[in-house]
>>> print(open('start11.csv').read())   # CSV, N, CA and C atoms and all ligand atoms
chain,number,residue,atom,x,y,z
A,886,MET,N,64.9,35.0,136.0
A,886,MET,CA,64.0,34.6,134.8
A,886,MET,C,64.9,33.8,133.9
A,887,PRO,N,64.4,32.5,133.6
A,887,PRO,CA,65.2,31.7,132.8
A,887,PRO,C,65.2,32.1,131.3
A,888,ARG,N,66.3,32.1,130.6
A,888,ARG,CA,66.3,32.5,129.2
A,888,ARG,C,66.0,31.2,128.4
A,889,SER,N,65.5,31.5,127.2
A,889,SER,CA,65.2,30.4,126.3
A,889,SER,C,66.5,29.7,125.8
A,890,LEU,N,66.3,28.5,125.3
A,890,LEU,CA,67.4,27.8,124.7
A,890,LEU,C,68.0,28.5,123.5
A,891,THR,N,67.2,29.2,122.7
A,891,THR,CA,67.6,29.9,121.6
A,891,THR,C,68.5,31.1,122.0
A,892,ALA,N,68.1,31.8,123.1
A,892,ALA,CA,68.9,32.9,123.6
A,892,ALA,C,70.3,32.4,124.1
A,893,LYS,N,70.2,31.2,124.8
A,893,LYS,CA,71.5,30.7,125.3
A,893,LYS,C,72.4,30.3,124.2
A,894,LEU,N,71.9,29.6,123.2
A,894,LEU,CA,72.7,29.2,122.0
A,894,LEU,C,73.3,30.4,121.3
A,895,LYS,N,72.5,31.5,121.2
A,895,LYS,CA,73.0,32.7,120.6
A,895,LYS,C,74.2,33.3,121.3
A,896,TRP,N,74.1,33.3,122.6
A,896,TRP,CA,75.2,33.8,123.5
A,896,TRP,C,76.4,32.9,123.4
A,897,GLN,N,76.2,31.6,123.3
A,897,GLN,CA,77.3,30.7,123.2
A,897,GLN,C,78.0,31.0,121.8
A,898,LEU,N,77.2,31.2,120.8
A,898,LEU,CA,77.8,31.5,119.5
A,898,LEU,C,78.6,32.8,119.5
A,899,ILE,N,78.0,33.8,120.1
A,899,ILE,CA,78.6,35.2,120.2
A,899,ILE,C,79.9,35.1,121.0
A,900,LEU,N,79.9,34.3,122.1
A,900,LEU,CA,81.2,34.2,122.8
A,900,LEU,C,82.2,33.5,122.1
A,901,ALA,N,81.8,32.4,121.4
A,901,ALA,CA,82.8,31.6,120.6
A,901,ALA,C,83.4,32.5,119.5
A,902,LEU,N,82.5,33.3,118.8
A,902,LEU,CA,83.0,34.1,117.7
A,902,LEU,C,83.9,35.2,118.3
A,903,ALA,N,83.5,35.8,119.4
A,903,ALA,CA,84.3,37.0,119.9
A,903,ALA,C,85.7,36.5,120.3
A,904,ARG,N,85.8,35.3,120.8
A,904,ARG,CA,87.2,34.8,121.1
A,904,ARG,C,88.1,34.6,119.9
A,905,ARG,N,87.5,34.4,118.8
A,905,ARG,CA,88.3,34.0,117.6
A,905,ARG,C,88.5,35.2,116.6
A,906,LEU,N,87.6,36.3,116.8
A,906,LEU,CA,87.7,37.4,115.8
A,906,LEU,C,88.6,38.5,116.4
A,907,PRO,N,89.1,39.4,115.4
A,907,PRO,CA,89.9,40.5,115.9
A,907,PRO,C,89.1,41.4,116.9
A,908,ASP,N,89.9,42.1,117.7
A,908,ASP,CA,89.2,42.9,118.7
A,908,ASP,C,88.7,44.3,118.1
A,909,CYS,N,88.0,45.0,118.9
A,909,CYS,CA,87.4,46.3,118.5
A,909,CYS,C,88.5,47.3,117.9
A,910,LYS,N,89.6,47.3,118.6
A,910,LYS,CA,90.7,48.2,118.2
A,910,LYS,C,91.2,47.9,116.8
A,911,THR,N,91.1,46.6,116.4
A,911,THR,CA,91.6,46.2,115.1
A,911,THR,C,90.4,46.4,114.1
A,912,ILE,N,89.2,46.3,114.5
A,912,ILE,CA,88.1,46.3,113.6
A,912,ILE,C,87.7,47.7,113.2
A,913,THR,N,87.8,48.7,114.1
A,913,THR,CA,87.3,50.0,113.9
A,913,THR,C,87.9,50.7,112.6
A,914,PRO,N,89.2,50.6,112.4
A,914,PRO,CA,89.7,51.2,111.1
A,914,PRO,C,89.0,50.6,109.9
A,915,LYS,N,88.8,49.3,109.9
A,915,LYS,CA,88.1,48.6,108.8
A,915,LYS,C,86.7,49.1,108.7
A,916,LEU,N,86.0,49.3,109.8
A,916,LEU,CA,84.6,49.9,109.7
A,916,LEU,C,84.6,51.2,109.0
A,917,GLY,N,85.6,52.1,109.4
A,917,GLY,CA,85.7,53.4,108.7
A,917,GLY,C,86.0,53.2,107.3
A,918,GLU,N,86.8,52.3,106.9
A,918,GLU,CA,87.1,52.1,105.5
A,918,GLU,C,85.9,51.6,104.7
A,919,SER,N,85.1,50.8,105.4
A,919,SER,CA,83.9,50.2,104.7
A,919,SER,C,82.9,51.3,104.3
A,920,VAL,N,82.9,52.4,105.0
A,920,VAL,CA,82.0,53.5,104.7
A,920,VAL,C,82.5,54.2,103.4
A,921,ASP,N,83.8,54.2,103.2
A,921,ASP,CA,84.4,54.9,102.0
A,921,ASP,C,84.5,54.1,100.8
A,922,ARG,N,84.8,52.8,101.0
A,922,ARG,CA,85.0,51.9,99.8
A,922,ARG,C,84.6,50.5,100.1
A,923,ARG,N,84.5,49.7,99.1
A,923,ARG,CA,84.1,48.3,99.2
A,923,ARG,C,85.3,47.5,99.7
A,924,LEU,N,85.2,46.8,100.8
A,924,LEU,CA,86.3,46.0,101.3
A,924,LEU,C,86.4,44.7,100.6
A,925,SER,N,87.5,44.0,100.9
A,925,SER,CA,87.6,42.6,100.3
A,925,SER,C,86.5,41.7,101.0
A,926,TYR,N,86.3,40.6,100.3
A,926,TYR,CA,85.2,39.7,100.8
A,926,TYR,C,85.6,39.2,102.3
A,927,ARG,N,86.9,38.9,102.5
A,927,ARG,CA,87.3,38.4,103.8
A,927,ARG,C,87.1,39.5,104.9
A,928,ASP,N,87.4,40.8,104.6
A,928,ASP,CA,87.2,41.8,105.5
A,928,ASP,C,85.7,42.1,105.8
A,929,ARG,N,84.9,42.0,104.7
A,929,ARG,CA,83.5,42.2,104.9
A,929,ARG,C,82.9,41.1,105.9
A,930,VAL,N,83.3,39.9,105.7
A,930,VAL,CA,82.8,38.8,106.5
A,930,VAL,C,83.3,39.0,108.0
A,931,ILE,N,84.6,39.3,108.1
A,931,ILE,CA,85.1,39.5,109.5
A,931,ILE,C,84.3,40.7,110.2
A,932,ASN,N,84.1,41.8,109.4
A,932,ASN,CA,83.4,42.9,110.0
A,932,ASN,C,82.0,42.5,110.4
A,933,ARG,N,81.3,41.8,109.5
A,933,ARG,CA,79.9,41.4,109.9
A,933,ARG,C,79.9,40.4,111.1
A,934,LEU,N,80.8,39.5,111.1
A,934,LEU,CA,80.8,38.6,112.3
A,934,LEU,C,81.1,39.4,113.6
A,935,HIS,N,82.1,40.3,113.5
A,935,HIS,CA,82.4,41.2,114.7
A,935,HIS,C,81.1,42.0,115.1
A,936,LEU,N,80.5,42.6,114.1
A,936,LEU,CA,79.3,43.4,114.4
A,936,LEU,C,78.2,42.6,115.0
A,937,PHE,N,78.1,41.3,114.6
A,937,PHE,CA,77.1,40.4,115.2
A,937,PHE,C,77.4,40.2,116.7
A,938,THR,N,78.7,40.3,117.1
A,938,THR,CA,79.0,40.0,118.5
A,938,THR,C,79.2,41.3,119.3
A,939,CYS,N,79.3,42.5,118.7
A,939,CYS,CA,79.7,43.7,119.4
A,939,CYS,C,78.7,44.9,119.2
A,940,GLU,N,78.0,45.2,120.3
A,940,GLU,CA,77.1,46.3,120.2
A,940,GLU,C,77.8,47.7,120.1
A,941,ALA,N,79.0,47.8,120.7
A,941,ALA,CA,79.7,49.1,120.6
A,941,ALA,C,80.1,49.4,119.2
A,942,CYS,N,80.6,48.4,118.5
A,942,CYS,CA,81.0,48.6,117.1
A,942,CYS,C,79.8,48.8,116.2
A,943,ARG,N,78.7,48.2,116.5
A,943,ARG,CA,77.5,48.5,115.7
A,943,ARG,C,77.1,50.0,115.9
A,944,ARG,N,77.2,50.5,117.1
A,944,ARG,CA,76.8,51.9,117.3
A,944,ARG,C,77.9,52.8,116.6
A,945,TYR,N,79.2,52.4,116.7
A,945,TYR,CA,80.2,53.2,116.1
A,945,TYR,C,80.0,53.3,114.6
A,946,LEU,N,79.7,52.1,113.9
A,946,LEU,CA,79.4,52.1,112.5
A,946,LEU,C,78.2,53.0,112.1
A,947,SER,N,77.2,52.9,112.9
A,947,SER,CA,76.0,53.7,112.7
A,947,SER,C,76.3,55.2,112.8
A,948,GLN,N,77.1,55.6,113.7
A,948,GLN,CA,77.5,57.0,113.9
A,948,GLN,C,78.4,57.5,112.7
A,949,ILE,N,79.4,56.7,112.3
A,949,ILE,CA,80.2,57.2,111.2
A,949,ILE,C,79.4,57.2,109.9
A,950,LYS,N,78.5,56.3,109.7
A,950,LYS,CA,77.6,56.3,108.5
A,950,LYS,C,76.8,57.6,108.5
A,951,PHE,N,76.3,57.9,109.7
A,951,PHE,CA,75.5,59.2,109.8
A,951,PHE,C,76.3,60.4,109.5
A,952,LEU,N,77.6,60.5,110.1
A,952,LEU,CA,78.4,61.6,109.8
A,952,LEU,C,78.8,61.7,108.3
A,953,HIS,N,79.1,60.5,107.7
A,953,HIS,CA,79.4,60.4,106.3
A,953,HIS,C,78.3,61.0,105.5
A,954,THR,N,77.1,60.6,105.8
A,954,THR,CA,75.9,61.1,105.0
A,954,THR,C,75.7,62.6,105.3
A,955,ALA,N,75.8,63.0,106.5
A,955,ALA,CA,75.6,64.4,106.9
A,955,ALA,C,76.6,65.3,106.2
A,956,LEU,N,77.9,64.9,106.1
A,956,LEU,CA,78.9,65.7,105.5
A,956,LEU,C,78.7,65.7,103.9
A,957,ALA,N,78.2,64.6,103.4
A,957,ALA,CA,78.0,64.6,101.9
A,957,ALA,C,76.8,65.5,101.6
A,958,VAL,N,75.8,65.6,102.4
A,958,VAL,CA,74.7,66.5,102.2
A,958,VAL,C,75.1,67.9,102.4
A,959,ALA,N,75.9,68.2,103.5
A,959,ALA,CA,76.3,69.5,103.8
A,959,ALA,C,77.3,70.1,102.7
A,960,ALA,N,78.1,69.2,102.2
A,960,ALA,CA,79.1,69.6,101.2
A,960,ALA,C,78.4,70.1,99.9
A,961,ASN,N,77.2,69.6,99.6
A,961,ASN,CA,76.5,70.0,98.4
A,961,ASN,C,75.5,71.2,98.7
A,962,ASP,N,75.5,71.7,99.9
A,962,ASP,CA,74.6,72.8,100.3
A,962,ASP,C,75.5,74.1,100.4
A,963,PRO,N,75.4,75.0,99.5
A,963,PRO,CA,76.2,76.2,99.5
A,963,PRO,C,76.0,77.1,100.8
A,964,GLU,N,74.8,77.0,101.4
A,964,GLU,CA,74.6,77.8,102.6
A,964,GLU,C,75.4,77.2,103.8
A,965,THR,N,75.6,75.9,103.8
A,965,THR,CA,76.4,75.3,104.9
A,965,THR,C,77.9,75.6,104.8
A,966,PHE,N,78.4,75.5,103.5
A,966,PHE,CA,79.8,75.7,103.3
A,966,PHE,C,79.9,76.8,102.2
A,967,PRO,N,79.8,78.0,102.5
A,967,PRO,CA,79.9,79.0,101.5
A,967,PRO,C,81.3,79.0,100.8
A,968,THR,N,81.3,79.3,99.5
A,968,THR,CA,82.6,79.2,98.8
A,968,THR,C,83.4,80.5,98.8
A,969,ALA,N,83.0,81.5,99.6
A,969,ALA,CA,83.7,82.7,99.6
A,969,ALA,C,85.1,82.5,100.2
A,970,GLU,N,86.1,83.1,99.6
A,970,GLU,CA,87.5,83.0,100.0
A,970,GLU,C,87.9,84.2,100.8
A,971,LEU,N,88.9,84.1,101.6
A,971,LEU,CA,89.5,85.2,102.3
A,971,LEU,C,90.1,86.2,101.3
A,972,SER,N,90.1,87.5,101.7
A,972,SER,CA,90.7,88.5,100.9
A,972,SER,C,92.3,88.3,101.0
A,973,SER,N,93.0,88.8,100.1
A,973,SER,CA,94.5,88.7,100.2
A,973,SER,C,95.0,89.4,101.4
A,974,ASP,N,94.3,90.5,101.7
A,974,ASP,CA,94.7,91.3,103.0
A,974,ASP,C,94.5,90.4,104.2
A,975,ALA,N,93.4,89.7,104.3
A,975,ALA,CA,93.1,88.8,105.4
A,975,ALA,C,94.1,87.7,105.5
A,976,LYS,N,94.5,87.1,104.3
A,976,LYS,CA,95.5,86.0,104.3
A,976,LYS,C,96.8,86.5,104.8
A,977,GLU,N,97.2,87.8,104.4
A,977,GLU,CA,98.5,88.3,104.9
A,977,GLU,C,98.5,88.5,106.4
A,978,ARG,N,97.4,89.0,106.9
A,978,ARG,CA,97.3,89.2,108.4
A,978,ARG,C,97.4,87.9,109.1
A,979,ILE,N,96.8,86.9,108.6
A,979,ILE,CA,96.8,85.6,109.2
A,979,ILE,C,98.3,85.0,109.2
A,980,LYS,N,98.9,85.2,108.0
A,980,LYS,CA,100.3,84.7,107.9
A,980,LYS,C,101.2,85.5,108.9
A,981,LYS,N,101.0,86.8,109.1
A,981,LYS,CA,101.8,87.5,110.0
A,981,LYS,C,101.6,87.0,111.5
A,982,VAL,N,100.4,86.8,111.8
A,982,VAL,CA,100.1,86.3,113.2
A,982,VAL,C,100.7,84.9,113.4
A,983,ILE,N,100.6,84.1,112.4
A,983,ILE,CA,101.2,82.7,112.6
A,983,ILE,C,102.7,82.8,112.6
A,984,SER,N,103.3,83.6,111.7
A,984,SER,CA,104.8,83.8,111.7
A,984,SER,C,105.3,84.3,113.0
A,985,SER,N,104.6,85.3,113.6
A,985,SER,CA,105.1,85.9,114.8
A,985,SER,C,105.0,84.9,116.0
A,986,SER,N,104.0,84.0,115.9
A,986,SER,CA,103.9,83.1,117.1
A,986,SER,C,104.7,81.8,116.9
A,987,ILE,N,105.0,81.3,115.7
A,987,ILE,CA,105.8,80.1,115.6
A,987,ILE,C,107.1,80.3,114.8
A,988,GLY,N,107.4,81.5,114.4
A,988,GLY,CA,108.6,81.7,113.6
A,988,GLY,C,108.2,81.8,112.1
A,989,ASN,N,109.1,82.3,111.3
A,989,ASN,CA,108.7,82.5,109.9
A,989,ASN,C,108.8,81.2,109.1
A,990,VAL,N,107.7,80.7,108.8
A,990,VAL,CA,107.6,79.4,108.0
A,990,VAL,C,107.2,79.7,106.6
A,991,PHE,N,106.9,80.9,106.2
A,991,PHE,CA,106.4,81.1,104.8
A,991,PHE,C,107.5,81.7,104.0
A,1001,ZN,ZN,83.7,45.8,118.6
>>> encode(input="start11.csv", output="structure tokens")
Amino acid sequence: MPRSLTAKLKWQLILALARRLPDCKTITPKLGESVDRRLSYRDRVINRLHLFTCEACRRYLSQIKFLHTALAVAANDPETFPTAELSSDAKERIKKVISSSIGNVF
């Protein structure tokens, strides 16, 4: 099935960009940062161009955005993360178990 001229040009552009842009291993930390804070203009442009060329990184960004939102919602829900603390007795028991297995670090 012949592809349209537009589709062929799009793939030529994607291939040309992919050869000149940083690889996925370099981009993924920046994608993570972009969820937490506003990146520099240069990094935003590079991220967007890379995302235009890379389906895997688009999926990765979508997943970390989902996790970021889910954790933000869960953190504000007391039923998900109860604020109850361990009793001092329980803390001492845990310290004893850890100390006996890895040596006395406390
Ligand atoms: Zn990628």
>>> residues_near_ligand(input="start11.csv", ligand="ligand ZN 1001 (chain A)", cutoff="6 Å", atoms="only C-alpha atoms and all ligand atoms", output="ChimeraX atom specification")
/A:909,939,941-942
>>> atom_distance(input="start11.csv", atom1="CA of Leu900 in chain A", atom2="CA of Gln948 in chain A")
24.8 Å
>>> atom_distance(input="start11.csv", atom1="atom N of Tyr945 in chain A", atom2="atom C of Arg888 in chain A")
27.6 Å
>>> atom_distance(input="start11.csv", atom1="CA of Arg943 in chain A", atom2="CA of Pro914 in chain A")
13.3 Å
